[in-house]
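Below is the file model_14.cif, which contains mmCIF, C-alpha atoms.
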data_my_file
#
loop_
_atom_site.label_atom_id
_atom_site.label_comp_id
_atom_site.auth_asym_id
_atom_site.auth_seq_id
_atom_site.Cartn_x
_atom_site.Cartn_y
_atom_site.Cartn_z
CA ILE A 1 6.94 31.29 6.58
CA THR A 2 10.40 31.12 5.02
CA GLY A 3 9.87 33.66 2.26
CA GLU A 4 10.34 30.88 -0.30
CA PRO A 5 7.58 29.32 -2.43
CA HIS A 6 5.73 26.43 -0.83
CA ARG A 7 7.40 23.15 -1.71
CA ARG A 8 5.36 19.96 -1.76
CA ARG A 9 7.49 17.25 -0.22
CA LYS A 10 7.76 14.03 -2.17
CA TYR A 11 6.10 11.00 -0.62
CA GLN A 12 9.47 9.24 -0.54
CA GLU A 13 10.82 11.99 1.69
CA VAL A 14 7.70 11.99 3.88
CA ILE A 15 7.76 8.22 4.35
CA ALA A 16 11.48 8.17 5.12
CA THR A 17 10.99 10.96 7.66
CA GLN A 18 8.11 9.13 9.34
CA ARG A 19 10.05 5.88 9.50
CA ASN A 20 13.07 7.68 10.91
CA ALA A 21 10.84 9.09 13.65
CA GLY A 22 9.58 5.59 14.50
CA ALA A 23 6.14 6.03 12.92
CA VAL A 24 4.21 3.66 10.65
CA PRO A 25 3.26 5.42 7.39
CA VAL A 26 -0.04 4.04 6.07
CA TRP A 27 -1.37 4.65 2.55
CA ALA A 28 -4.94 5.88 2.93
CA HIS A 29 -8.04 5.27 0.74
CA PRO A 30 -6.03 3.65 -2.11
CA THR A 31 -8.74 3.72 -4.82
CA SER A 32 -10.78 6.75 -3.72
CA TRP A 33 -12.18 9.07 -6.40
CA TRP A 34 -15.46 10.76 -7.27
CA ARG A 35 -16.97 13.52 -9.40
CA ASP A 36 -18.09 16.92 -8.20
CA LYS A 37 -21.42 18.54 -9.12
CA SER A 38 -19.93 19.71 -12.42
CA GLY A 39 -18.73 16.23 -13.31
CA ASN A 40 -15.06 16.99 -12.71
CA PHE A 41 -12.82 14.10 -11.64
CA ILE A 42 -11.69 14.42 -8.00
CA THR A 43 -9.28 11.92 -6.53
CA ASN A 44 -7.61 10.64 -3.38
CA ILE A 45 -6.17 7.61 -5.21
CA ALA A 46 -2.86 6.43 -3.76
CA ALA A 47 -1.29 6.91 -7.17
CA GLU A 48 2.31 6.66 -5.90
CA MET A 49 1.75 3.65 -3.67
CA ILE A 50 2.84 0.99 -6.17
CA MET A 51 5.98 2.98 -6.97
CA GLN A 52 6.82 3.05 -3.26
CA PHE A 53 6.07 -0.65 -2.87
CA LEU A 54 8.48 -1.55 -5.66
CA ILE A 55 11.15 0.87 -4.43
CA ASP A 56 11.13 -0.62 -0.92
CA GLY A 57 9.94 -4.15 -1.62
CA ARG A 58 7.22 -3.59 0.99
CA LEU A 59 4.63 -1.19 2.34
CA ASP A 60 4.40 -0.21 6.00
CA GLY A 61 0.61 -0.33 5.66
CA MET A 62 -2.40 0.40 3.47
CA VAL A 63 -6.06 0.99 4.21
CA VAL A 64 -8.23 -2.04 3.43
CA GLN A 65 -11.42 -0.83 5.15
CA GLY A 66 -12.76 2.70 4.85
CA TYR A 67 -15.74 4.74 3.64
CA ASP A 68 -17.58 1.39 3.38
CA ALA A 69 -17.28 -1.54 5.76
CA CYS A 70 -16.51 -3.81 2.81
CA HIS A 71 -14.65 -1.75 0.21
CA ARG A 72 -14.10 -4.30 -2.52
CA SER A 73 -11.68 -2.23 -4.59
CA TYR A 74 -9.38 -1.75 -1.60
CA LEU A 75 -9.51 -5.46 -0.83
CA ALA A 76 -8.90 -6.55 -4.43
CA LEU A 77 -5.73 -4.47 -4.61
CA TRP A 78 -4.53 -5.75 -1.23
CA PHE A 79 -5.18 -9.38 -2.16
CA HIS A 80 -3.34 -8.94 -5.46
CA LEU A 81 -0.26 -7.53 -3.76
CA LEU A 82 -0.38 -10.32 -1.18
CA ASP A 83 -0.51 -12.82 -4.07
CA LEU A 84 2.87 -11.44 -5.17
CA GLY A 85 4.27 -12.27 -1.73
CA ALA A 86 4.15 -8.72 -0.41
CA ILE A 87 4.19 -8.00 3.32
CA ILE A 88 1.56 -5.29 3.78
CA PRO A 89 -0.29 -4.67 7.05
CA GLY A 90 -3.91 -3.73 6.46
CA PHE A 91 -5.63 -0.93 8.40
CA SER A 92 -9.10 0.53 8.91
CA GLU A 93 -9.74 4.20 8.27
CA SER A 94 -12.52 6.45 9.54
CA ASP A 95 -12.40 9.54 7.34
CA GLY A 96 -13.71 12.17 9.75
CA CYS A 97 -15.23 15.27 8.18
CA PHE A 98 -16.65 17.69 10.71
CA ASP A 99 -17.72 20.46 8.33
CA LEU A 100 -20.37 18.51 6.42
CA GLU A 101 -23.61 17.78 8.23
CA ASN A 102 -24.50 14.75 6.10
CA LEU A 103 -21.20 13.07 7.05
CA LEU A 104 -21.58 13.94 10.72
CA GLU A 105 -24.85 12.01 10.73
CA LYS A 106 -23.17 8.81 9.54
CA ASP A 107 -22.50 6.33 12.30
CA GLU A 108 -19.95 4.09 10.57
CA ILE A 109 -16.78 3.99 12.62
CA TYR A 110 -14.01 1.66 11.52
CA VAL A 111 -11.42 0.65 14.08
CA ASN A 112 -8.12 -1.18 14.31
CA LEU A 113 -8.19 -3.74 17.09
CA LEU A 114 -4.71 -4.53 18.37
CA PRO A 115 -3.84 -7.14 21.02
CA ILE A 116 -1.65 -5.30 23.52
CA LYS A 117 -0.41 -7.05 26.63
CA GLY A 118 0.03 -5.22 29.91
CA LYS A 119 -0.07 -1.45 30.23
CA ILE A 120 -0.87 0.37 26.99
CA SER A 121 1.83 2.66 25.64
CA LEU A 122 2.48 4.46 22.36
CA LYS A 123 5.51 2.27 21.76
CA LYS A 124 3.44 -0.91 22.13
CA ILE A 125 0.72 0.40 19.81
CA VAL A 126 3.25 1.30 17.12
CA ASN A 127 5.10 -2.01 17.42
CA VAL A 128 1.93 -4.09 17.09
CA ALA A 129 0.71 -1.93 14.18
CA ARG A 130 4.05 -2.24 12.41
CA HIS A 131 3.94 -6.01 12.82
CA GLY A 132 0.39 -6.15 11.44
CA GLU A 133 -1.32 -8.04 14.25
CA ILE A 134 -4.49 -6.09 13.54
CA CYS A 135 -8.21 -6.78 13.16
CA CYS A 136 -9.90 -4.21 10.93
CA SER A 137 -13.51 -3.88 11.99
CA SER A 138 -16.77 -1.99 12.15
CA GLY A 139 -17.37 -3.53 15.57
CA ALA A 140 -16.94 -7.31 15.53
CA PHE A 141 -13.78 -9.11 16.66
CA ILE A 142 -11.94 -11.70 14.60
CA SER A 143 -8.43 -13.15 14.72
CA ILE A 144 -6.51 -15.99 13.10
CA ARG A 145 -3.55 -18.19 13.92
CA VAL A 146 -1.90 -20.83 11.78
CA ASP A 147 0.06 -23.46 13.70
CA GLY A 148 0.05 -20.93 16.53
CA THR A 149 1.53 -18.20 14.32
CA PRO A 150 -0.43 -14.93 14.79
CA MET A 151 -1.67 -12.66 12.03
CA GLY A 152 0.99 -10.33 10.67
CA SER A 153 3.65 -13.04 10.94
CA ILE A 154 5.39 -15.10 8.27
CA LEU A 155 5.11 -18.88 8.45
CA LYS A 156 7.77 -20.63 6.38
CA THR A 157 6.29 -23.62 4.59
CA LYS A 158 6.32 -25.71 1.41
CA LYS A 159 3.79 -27.19 -0.98
CA GLY A 160 1.86 -30.13 0.39
CA THR A 161 2.25 -29.11 4.03
CA VAL A 162 -0.93 -29.28 6.13
CA HIS A 163 -1.36 -26.46 8.66
CA ARG A 164 -3.81 -26.11 11.54
CA VAL A 165 -5.90 -22.94 11.31
CA ASN A 166 -7.54 -21.42 14.38
CA ILE A 167 -10.11 -18.63 14.01
CA THR A 168 -11.65 -16.77 16.94
CA ALA A 169 -14.58 -14.47 16.18
CA TYR A 170 -17.37 -12.66 18.03
CA PRO A 171 -20.13 -10.63 16.34
CA VAL A 172 -20.91 -6.94 16.71
CA SER A 173 -22.40 -5.98 20.06
CA GLY A 174 -26.18 -6.32 19.84
CA GLN A 175 -26.04 -8.93 17.08
CA LYS A 176 -26.39 -12.68 17.63
CA SER A 177 -24.21 -13.96 14.81
CA PHE A 178 -22.17 -13.35 11.69
CA SER A 179 -24.22 -13.82 8.55
CA ARG A 180 -21.15 -15.49 7.07
CA LEU A 181 -17.60 -16.14 8.18
CA ASP A 182 -14.93 -16.78 5.52
CA LEU A 183 -11.41 -18.12 5.31
CA ILE A 184 -9.58 -16.45 2.41
CA SER A 185 -6.39 -17.37 0.57
CA ARG A 186 -4.60 -16.53 -2.70
CA GLY A 187 -6.53 -14.39 -5.16
CA GLY A 188 -8.96 -13.41 -2.43
CA LYS A 189 -10.52 -16.84 -2.94
CA ILE A 190 -12.88 -18.05 -0.23
CA ILE A 191 -11.72 -21.56 0.67
CA TYR A 192 -14.06 -22.12 3.62
CA SER A 193 -17.31 -20.52 4.80
CA VAL A 194 -19.81 -21.00 7.58
CA ASN A 195 -23.17 -19.25 7.73
CA ASN A 196 -24.88 -17.85 10.83
CA PHE A 197 -21.81 -18.31 13.02
CA GLN A 198 -22.73 -17.25 16.55
CA GLY A 199 -19.18 -16.67 17.70
CA GLY A 200 -16.42 -18.68 19.31
CA LYS A 201 -13.61 -20.74 17.81
CA ILE A 202 -13.19 -22.66 14.56
CA GLU A 203 -10.41 -25.13 13.84
CA LEU A 204 -9.65 -26.64 10.44
CA ASP A 205 -6.78 -27.88 8.32
CA PHE A 206 -5.33 -26.15 5.29
CA LYS A 207 -3.07 -27.86 2.75
CA VAL A 208 -0.63 -25.60 0.88
CA ASP A 209 -0.84 -25.95 -2.90
CA THR A 210 0.64 -22.68 -4.21
CA LEU A 211 3.26 -20.32 -2.79
CA PRO A 212 3.58 -17.56 -1.78
CA SER A 213 0.21 -17.55 -0.10
CA TYR A 214 -1.61 -16.30 2.99
CA LEU A 215 -4.67 -16.94 5.14
CA ILE A 216 -7.15 -14.26 6.21
CA ALA A 217 -10.41 -14.56 8.15
CA ARG A 218 -13.40 -12.29 7.53
CA GLY A 219 -16.91 -12.00 8.97
CA PHE A 220 -20.04 -10.04 8.01
CA GLY A 221 -22.78 -8.54 10.16
CA GLU A 222 -25.88 -10.52 11.09
CA ASN A 223 -28.13 -8.54 8.73
CA ASP A 224 -25.63 -8.16 5.88
CA ASN A 225 -25.62 -10.00 2.56
CA PRO A 226 -21.94 -10.48 1.66
CA ASP A 227 -22.85 -11.02 -2.01
CA THR A 228 -24.89 -7.86 -2.53
CA GLN A 229 -23.81 -5.94 -5.62
CA ILE A 230 -24.04 -2.64 -3.73
CA GLN A 231 -21.21 -2.70 -1.20
CA GLN A 232 -22.62 0.28 0.72
CA LYS A 233 -25.45 -1.98 1.90
CA ILE A 234 -22.96 -4.00 3.95
CA ARG A 235 -22.97 -2.25 7.31
CA HIS A 236 -20.64 -4.53 9.25
CA MET A 237 -17.48 -6.41 8.35
CA ALA A 238 -14.40 -7.49 10.28
CA ILE A 239 -11.25 -8.82 8.65
CA THR A 240 -7.93 -10.05 10.00
CA ASN A 241 -4.48 -9.33 8.73
CA PRO A 242 -2.80 -12.25 6.98
CA VAL A 243 -0.72 -15.04 8.30
CA TYR A 244 1.80 -15.10 5.43
CA LEU A 245 2.73 -18.50 3.98
CA HIS A 246 6.10 -18.18 2.26
CA PRO A 247 8.71 -20.66 1.06
CA ALA A 248 12.13 -20.63 2.67
CA ASN A 249 14.41 -17.77 1.56
CA PHE A 250 11.56 -15.94 -0.20
CA ALA A 251 11.71 -12.14 -0.22
CA ILE A 252 10.71 -9.20 -2.39
CA LEU A 253 13.86 -7.12 -2.60
CA PRO A 254 14.03 -3.31 -2.93
CA MET A 255 14.60 -2.19 -6.51
CA GLU A 256 17.71 -0.65 -8.00
CA THR A 257 17.72 1.87 -10.84
CA HIS A 258 20.37 2.00 -13.54
CA CYS A 259 21.10 5.69 -14.06
CA PHE A 260 22.49 7.09 -17.31
CA ILE A 261 23.68 10.70 -17.15
CA LYS A 262 24.39 12.25 -20.54
CA VAL A 263 26.75 15.22 -20.18
CA LYS A 264 26.46 18.00 -22.78
CA LYS A 265 29.70 19.34 -24.30
CA ASN A 266 28.98 22.82 -22.92
CA SER A 267 27.26 21.68 -19.71
CA GLU A 268 27.29 24.19 -16.88
CA TRP A 269 27.89 21.24 -14.55
CA LEU A 270 31.30 20.33 -16.02
CA GLY A 271 33.88 20.27 -13.25
CA GLY A 272 31.24 19.66 -10.64
CA ASN A 273 29.93 16.43 -9.20
CA ILE A 274 26.84 14.29 -8.71
CA GLU A 275 26.02 13.15 -5.19
CA CYS A 276 23.76 10.14 -4.72
CA LEU A 277 21.62 10.49 -1.58
CA ASP A 278 19.19 8.30 0.30
CA PRO A 279 15.62 9.65 0.86
CA LEU A 280 16.76 11.51 4.00
CA GLY A 281 19.69 13.15 2.22
CA LYS A 282 22.53 10.91 3.43
CA LYS A 283 25.28 10.60 0.82
CA ILE A 284 25.72 7.07 -0.56
CA ALA A 285 27.92 7.73 -3.63
CA ASN A 286 29.66 10.54 -5.52
CA PHE A 287 30.68 10.97 -9.18
CA ALA A 288 32.74 13.70 -10.83
CA ILE A 289 31.23 15.38 -13.90
CA HIS A 290 33.79 15.43 -16.72
CA GLY A 291 33.24 15.32 -20.46
CA LYS A 292 32.12 11.69 -20.49
CA ASN A 293 28.69 10.26 -19.84
CA ILE A 294 28.15 8.63 -16.45
CA SER A 295 26.29 5.45 -15.53
CA PHE A 296 25.74 3.76 -12.17
CA LYS A 297 23.20 1.75 -10.17
CA ILE A 298 21.62 3.05 -6.98
CA PRO A 299 18.51 2.21 -4.90
CA ALA A 300 15.38 3.23 -6.80
CA GLY A 301 14.29 5.56 -3.99
CA SER A 302 17.48 7.64 -4.18
CA GLN A 303 18.01 11.32 -4.84
CA LEU A 304 20.64 12.99 -7.00
CA ARG A 305 22.23 16.33 -6.18
CA LEU A 306 24.25 18.15 -8.81
CA LYS A 307 26.80 20.60 -7.45
CA ASN A 308 29.17 23.08 -9.09
CA LYS A 309 30.75 26.38 -8.18
CA ASN A 310 28.56 29.48 -8.56
CA ILE A 311 25.51 27.38 -9.46
CA LYS A 312 22.55 26.59 -7.21
CA ASP A 313 22.44 22.89 -6.34
CA TRP A 314 19.93 20.81 -8.30
CA GLN A 315 18.47 18.03 -6.13
CA PHE A 316 15.68 15.59 -7.03
CA PHE A 317 14.35 12.06 -6.52
CA ILE A 318 15.17 10.02 -9.62
CA ALA A 319 11.73 8.37 -9.70
CA MET A 320 10.00 11.76 -9.70
CA GLU A 321 12.08 12.97 -12.68
CA ASN A 322 11.45 9.77 -14.62
CA PRO A 323 8.87 10.49 -17.38
CA LYS A 324 7.75 6.86 -17.63
CA VAL A 325 7.13 6.67 -13.88
CA GLN A 326 5.28 9.98 -13.92
CA HIS A 327 3.10 8.83 -16.81
CA LEU A 328 1.98 5.80 -14.82
CA ILE A 329 1.26 7.93 -11.74
CA GLU A 330 -0.74 10.45 -13.79
CA PHE A 331 -2.69 7.61 -15.42
CA LEU A 332 -4.30 7.15 -12.00
CA ALA A 333 -4.09 10.63 -10.52
CA ASN A 334 -5.67 12.33 -13.55
CA GLY A 335 -8.38 9.71 -14.05
CA GLU A 336 -6.98 8.55 -17.38
CA PHE A 337 -7.69 4.94 -16.39
CA LEU A 338 -11.41 5.65 -16.88
CA LYS A 339 -10.84 5.71 -20.65
CA ASP A 340 -9.85 2.05 -20.40
CA TYR A 341 -12.35 1.17 -17.67
CA PRO A 342 -15.38 3.41 -18.30
CA ALA A 343 -17.76 1.24 -16.27
CA CYS A 344 -16.00 2.05 -12.99
CA LYS A 345 -18.09 3.70 -10.31
CA SER A 346 -16.79 6.21 -7.76
CA GLY A 347 -14.17 4.57 -5.57
CA GLU A 348 -13.48 1.75 -8.02
CA VAL A 349 -10.08 1.29 -9.64
CA PRO A 350 -9.30 -2.10 -11.20
CA VAL A 351 -6.08 -3.75 -10.07
CA GLU A 352 -4.91 -3.73 -13.69
CA ALA A 353 -5.02 0.08 -13.73
CA PHE A 354 -2.15 0.20 -11.23
CA ARG A 355 0.08 -1.30 -13.96
CA ILE A 356 2.50 -2.95 -11.58
CA LYS A 357 4.66 -4.65 -14.25
CA GLU A 358 4.96 -1.42 -16.22
CA MET A 359 5.96 0.50 -13.07
CA ARG A 360 8.64 -2.08 -12.28
CA SER A 361 10.01 -1.74 -15.79
CA ALA A 362 9.95 2.07 -15.62
CA LEU A 363 11.89 2.13 -12.34
CA GLN A 364 14.69 -0.02 -13.72
CA LYS A 365 16.19 2.76 -15.85
CA PHE A 366 16.63 6.52 -15.47
CA GLU A 367 18.09 8.80 -18.12
CA ILE A 368 18.78 12.52 -17.96
CA GLU A 369 20.85 15.07 -19.86
CA VAL A 370 22.78 17.70 -17.91
#

Will you turn the file into structure tokens for me?
Amino acid sequence: ITGEPHRRRKYQEVIATQRNAGAVPVWAHPTSWWRDKSGNFITNIAAEMIMQFLIDGRLDGMVVQGYDACHRSYLALWFHLLDLGAIIPGFSESDGCFDLENLLEKDEIYVNLLPIKGKISLKKIVNVARHGEICCSSGAFISIRVDGTPMGSILKTKKGTVHRVNITAYPVSGQKSFSRLDLISRGGKIIYSVNNFQGGKIELDFKVDTLPSYLIARGFGENDNPDTQIQQKIRHMAITNPVYLHPANFAILPMETHCFIKVKKNSEWLGGNIECLDPLGKKIANFAIHGKNISFKIPAGSQLRLKNKNIKDWQFFIAMENPKVQHLIEFLANGEFLKDYPACKSGEVPVEAFRIKEMRSALQKFEIEV
């Protein structure tokens, strides 16, 4: 189109562009991978998602239901991030594929149920989605409130406080009940269950013992065994977004990166300058390039642009030029995690393989020679 080679935009740029346009960027199928007929590793894993979470201190959204009604690997990763105190709206995903007959015959449709008052509009849909007041479902309805606080909201609390939990749930059309309805908290632990729930309202008390925490409600189809080892056998599941239980003044802050720029004695950039840019290209700092090395701290999602007379500008995201960050991304994207976790089946990625602590450490420092 432009005569230039195709340039793959970095996710940081894409996400910043979507946010700037008022959209809600959602990370799809976070642990998806499989093998083709020749045994080659094929992946849709959201390998850069943890990097983005640490850069921003949040995610706008991630898929927690897709391909299968109860995708345990998606849920395990979500629960783990919520355990850290993360604010992450969960979404359903129906991966439509209209060129494969076997997929066209599948009748699993996963939907996001959003409570919208009054006349529906795009603005209202986006606002509710951004807030995370969402039920992810294959057909049933379920919602949760804690002391009247709706799902997607943060309830400030402290240890020992007793909260009133209200769950409203109705089974899939054509079914008489949920086989099991759960209340879930830290670690994805089920703290309350009721079998053969025919629908309606449940009220119970919950005493806070560990923070940060959250409460999520989940229900399974009438004919589904929630404990089956084969998750594909679960045809129906509905799950709420969390009501977040956080202590006062708690927050996960966006990361900063300490940059170290080593300047060669004969560098072609001498006499030029380094511009620090946000993901959309807005200048946030500027440093002259002299004979001395340069160090500074900037947001971890920043770009650098080197400029000098008669030289083409060199612009890049610091995280994407960081070898340690790239190694951790490739560990997932190239399937290297399977060497450590050989028992994984298609679509399974252990939480440990996302190496969150290592990614945080890698993002703290960036070094480059110019």

### Message
Expand the PyMOL selection byres ((chain A and resi 272) around 10) into the explicit residue set it covers here, and present it as a list in words.
### Response
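Answer for the PyMOL selection byres ((chain A and resi 272) around 10): Glu268, Trp269, Leu270, Gly271, Asn273, Ile274, Glu275, Phe287, Ala288, Ile289, His290, Leu306, Lys307, Asn308, Lys309 and Ile311 of chain A.
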
### Message
Neighbouring residues of segment 144-156 of chain A were defined as those with any atom within 7 Å, considering all atoms listed in the file; residues of the same chain fewer than 4 positions away were excluded. Please report them as an MDAnalysis selection string.
### Response
chainID A and resid 89 131:133 163:168 217 240:248

Export, as a PDB file, in the frame of the given file, the selected residues with C-alpha atoms.
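What landed in result.pdb:
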ATOM      1  CA  PRO A  89      -0.290  -4.670   7.050  1.00  0.00           C
ATOM      2  CA  HIS A 131       3.940  -6.010  12.820  1.00  0.00           C
ATOM      3  CA  GLY A 132       0.390  -6.150  11.440  1.00  0.00           C
ATOM      4  CA  GLU A 133      -1.320  -8.040  14.250  1.00  0.00           C
ATOM      5  CA  HIS A 163      -1.360 -26.460   8.660  1.00  0.00           C
ATOM      6  CA  ARG A 164      -3.810 -26.110  11.540  1.00  0.00           C
ATOM      7  CA  VAL A 165      -5.900 -22.940  11.310  1.00  0.00           C
ATOM      8  CA  ASN A 166      -7.540 -21.420  14.380  1.00  0.00           C
ATOM      9  CA  ILE A 167     -10.110 -18.630  14.010  1.00  0.00           C
ATOM     10  CA  THR A 168     -11.650 -16.770  16.940  1.00  0.00           C
ATOM     11  CA  ALA A 217     -10.410 -14.560   8.150  1.00  0.00           C
ATOM     12  CA  THR A 240      -7.930 -10.050  10.000  1.00  0.00           C
ATOM     13  CA  ASN A 241      -4.480  -9.330   8.730  1.00  0.00           C
ATOM     14  CA  PRO A 242      -2.800 -12.250   6.980  1.00  0.00           C
ATOM     15  CA  VAL A 243      -0.720 -15.040   8.300  1.00  0.00           C
ATOM     16  CA  TYR A 244       1.800 -15.100   5.430  1.00  0.00           C
ATOM     17  CA  LEU A 245       2.730 -18.500   3.980  1.00  0.00           C
ATOM     18  CA  HIS A 246       6.100 -18.180   2.260  1.00  0.00           C
ATOM     19  CA  PRO A 247       8.710 -20.660   1.060  1.00  0.00           C
ATOM     20  CA  ALA A 248      12.130 -20.630   2.670  1.00  0.00           C
TER      21      ALA A 248
END

### Query
Hey, can you check how far atom CA of Gly335 of chain A sits from atom CA of Leu59 of chain A?
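Here the two named atoms are 23.6 Å from each other.
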
### Message
My list of candidates is A:Val351, A:Arg186, A:Trp33, A:Arg72. Which is closest to Asp227 of chain A when distances are computed with only C-alpha atoms?
### Response
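Distance minimum relative to Asp227 of chain A lands on A:Arg72.
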
### Message
With the PyMOL selection byres ((chain A and resi 252) around 10) as the selection, what would be picked from this file? Answer as JSON, numbers by chain, please.
### Response
{"A": [53, 54, 56, 57, 58, 84, 85, 86, 87, 250, 251, 253, 254, 255]}

### Query
What gap, in Å, lies between atom CA of Asn44 of chain A and atom CA of Arg360 of chain A?
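Taking atom CA of Asn44 of chain A and atom CA of Arg360 of chain A, their separation equals 22.5 Å.
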
### Coordinates-based distance that separates atom CA of Glu367 of chain A from atom CA of Trp27 of chain A (Å, one decimal)
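Computing it gives 28.7 Å between the two atoms.
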
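Note on the selection: in this file the PyMOL selection byres ((chain A and resi 126) around 12) comes out as A:Arg19, A:Ala21, A:Gly22, A:Ala23, A:Val24, A:Pro25, A:Val26, A:Asp60, A:Gly61, A:Asn112, A:Leu114, A:Pro115, A:Ile116, A:Ile120, A:Ser121, A:Leu122, A:Lys123, A:Lys124, A:Ile125, A:Asn127, A:Val128, A:Ala129, A:Arg130, A:His131, A:Gly132, A:Glu133, A:Ile134.
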
### Contacts of Gly188 of chain A at 6 Å (only C-alpha atoms; same-chain gap of 3+ positions) as a VMD selection string
chain A and resid 79 184 to 185
